[in-house]
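> Can you read through this structure? Questions will come right after.
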Amino acid sequence: MRFTVNGTIWVLKFVNPRSKHLQRSDGSITLGVTDNNVKTVYIADNLSEYMTDKVLAHELTHVHSMEYNYYMPIEVEEVVADFLSLYGRSIVYLADDIMSNLLRSVA
C-alpha cells in the first residue's frame, strides 16, 4: 500500500514477525519499523486490529517527523510516538467535535 506525506510517497508493508525488516539496529525484533532510506513502514502481519492500529499510528509519527524535518533525540521521538499511538485519535476526534460545536454556535 502506498501513501503520501508532505509530497513524498511511502510504502506500507505487512511482513512476517521474524522478518529482518523488523529487526532494530541492536538486533532486537519489534512490531513495526520505519525505514527512511527506502521510505517504507514495515509492520508485523500477525497483530490484532487493535495492535495494528497502535503500531501504525506509532510508525506514522516517525514518518511525519522525518518528512517535516522535525528531529529530536530518538528517546524523545519514541515517547511522542507512543503517546500519539495511544491518545492521538482521541485528541483529534475531540478537537473536531469542539470545533464543530463552535462553528455551529457562531452560525
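Identifiers for the C-alpha cells are assigned positionally: chains receive A, B, ... in sequence, residues are indexed from 1 per chain, and ligands are indexed from 1 in the order shown.
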When you look at Tyr42 of chain A with a cut-off of 7 Å (counting only C-alpha atoms), what residues show up, excluding the ones that are within fewer than 5 positions of it in the same chain? I need them as a VMD selection string.

chain A and resid 12 to 15 21 to 22 32 to 34

> Write out as a ChimeraX atom specification each polymer residue whose atoms come within 12 Å of Val63 of chain A, counting only C-alpha atoms; drop sequence neighbours fewer than 2 positions from it.

/A:3-6,8-12,33-42,56-61,65-71,77,81

> Neighbouring residues of Pro17 of chain A were defined as those with any atom within 7 Å, considering only C-alpha atoms; residues of the same chain fewer than 4 positions away were excluded. Please report them as a list in words.

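Non-adjacent residues within range: Ala44, Asp45 and Asn46 of chain A.
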
> Taking the DSSP assignment computed from this structure's backbone, write out as a PyMOL selection string all residues of segment 7-65 of chain A that belong to helix (DSSP H, G or I).

chain A and resi 20-22+49-65

> Which value, in Å to one decimal, gives the distance between atom CA of Pro73 of chain A and atom CA of Asp26 of chain A?

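Between these atoms lies a distance of 16.7 Å.
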
> Could you write out, as a PyMOL selection string, all the residues of chain A that DSSP marks as strand (DSSP E)?

chain A and resi 2-5+8-15+32-35+40-44

> Can you write out the residues you just picked, keeping N, CA and C atoms, as a CSV table (one decimal), in the first residue's frame?


```csv
chain,number,residue,atom,x,y,z
A,2,ARG,N,0.5,2.2,-0.8
A,2,ARG,CA,1.3,3.5,-0.9
A,2,ARG,C,0.5,4.6,-0.2
A,3,PHE,N,1.2,5.5,0.4
A,3,PHE,CA,0.6,6.7,1.0
A,3,PHE,C,1.6,7.9,0.8
A,4,THR,N,1.1,9.1,0.9
A,4,THR,CA,1.9,10.3,0.7
A,4,THR,C,1.9,11.1,1.9
A,5,VAL,N,3.1,11.6,2.3
A,5,VAL,CA,3.2,12.6,3.4
A,5,VAL,C,4.2,13.7,3.0
A,8,THR,N,5.9,13.2,-0.3
A,8,THR,CA,6.8,12.0,-0.5
A,8,THR,C,6.0,10.8,-0.5
A,9,ILE,N,6.2,9.9,-1.4
A,9,ILE,CA,5.5,8.6,-1.4
A,9,ILE,C,6.2,7.6,-0.5
A,10,TRP,N,5.4,7.0,0.3
A,10,TRP,CA,5.9,5.9,1.2
A,10,TRP,C,5.1,4.7,0.9
A,11,VAL,N,5.7,3.5,1.4
A,11,VAL,CA,5.1,2.2,1.2
A,11,VAL,C,4.9,1.6,2.6
A,12,LEU,N,3.7,1.0,2.7
A,12,LEU,CA,3.4,0.3,4.0
A,12,LEU,C,3.4,-1.2,3.6
A,13,LYS,N,4.2,-2.0,4.3
A,13,LYS,CA,4.3,-3.4,4.0
A,13,LYS,C,4.0,-4.2,5.3
A,14,PHE,N,3.2,-5.2,5.2
A,14,PHE,CA,3.0,-6.1,6.3
A,14,PHE,C,3.9,-7.4,6.1
A,15,VAL,N,4.7,-7.7,7.1
A,15,VAL,CA,5.7,-8.7,6.9
A,15,VAL,C,5.6,-9.7,8.1
A,32,GLY,N,7.0,-2.9,14.5
A,32,GLY,CA,7.0,-2.0,13.4
A,32,GLY,C,8.3,-1.3,13.3
A,33,VAL,N,8.7,-1.0,12.0
A,33,VAL,CA,9.9,-0.2,11.8
A,33,VAL,C,9.6,0.8,10.6
A,34,THR,N,10.1,2.0,10.8
A,34,THR,CA,10.1,3.0,9.7
A,34,THR,C,11.5,3.1,9.1
A,35,ASP,N,11.6,2.8,7.9
A,35,ASP,CA,12.9,2.9,7.2
A,35,ASP,C,12.9,4.1,6.2
A,40,THR,N,9.8,3.2,3.6
A,40,THR,CA,8.9,2.1,3.8
A,40,THR,C,8.6,1.9,5.3
A,41,VAL,N,7.4,1.6,5.7
A,41,VAL,CA,7.0,1.3,7.0
A,41,VAL,C,6.7,-0.2,7.0
A,42,TYR,N,7.3,-1.0,7.9
A,42,TYR,CA,7.1,-2.4,8.0
A,42,TYR,C,6.4,-2.7,9.3
A,43,ILE,N,5.3,-3.5,9.2
A,43,ILE,CA,4.5,-3.9,10.4
A,43,ILE,C,4.3,-5.4,10.4
A,44,ALA,N,4.5,-6.0,11.5
A,44,ALA,CA,4.2,-7.4,11.6
A,44,ALA,C,2.8,-7.8,11.2
```

> Atom CA of Arg18 of chain A to atom CA of Phe83 of chain A: how many Å, to one decimal?

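We find that atom CA of Arg18 of chain A and atom CA of Phe83 of chain A lie 25.9 Å from each other.
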
> Given only C-alpha atoms as the basis, pick out the residue of A:Leu86, A:Asp97, A:Ser25, A:Glu75 nearest to Tyr50 of chain A.

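Among A:Leu86, A:Asp97, A:Ser25, A:Glu75, it is A:Leu86 that comes nearest to Tyr50 of chain A.
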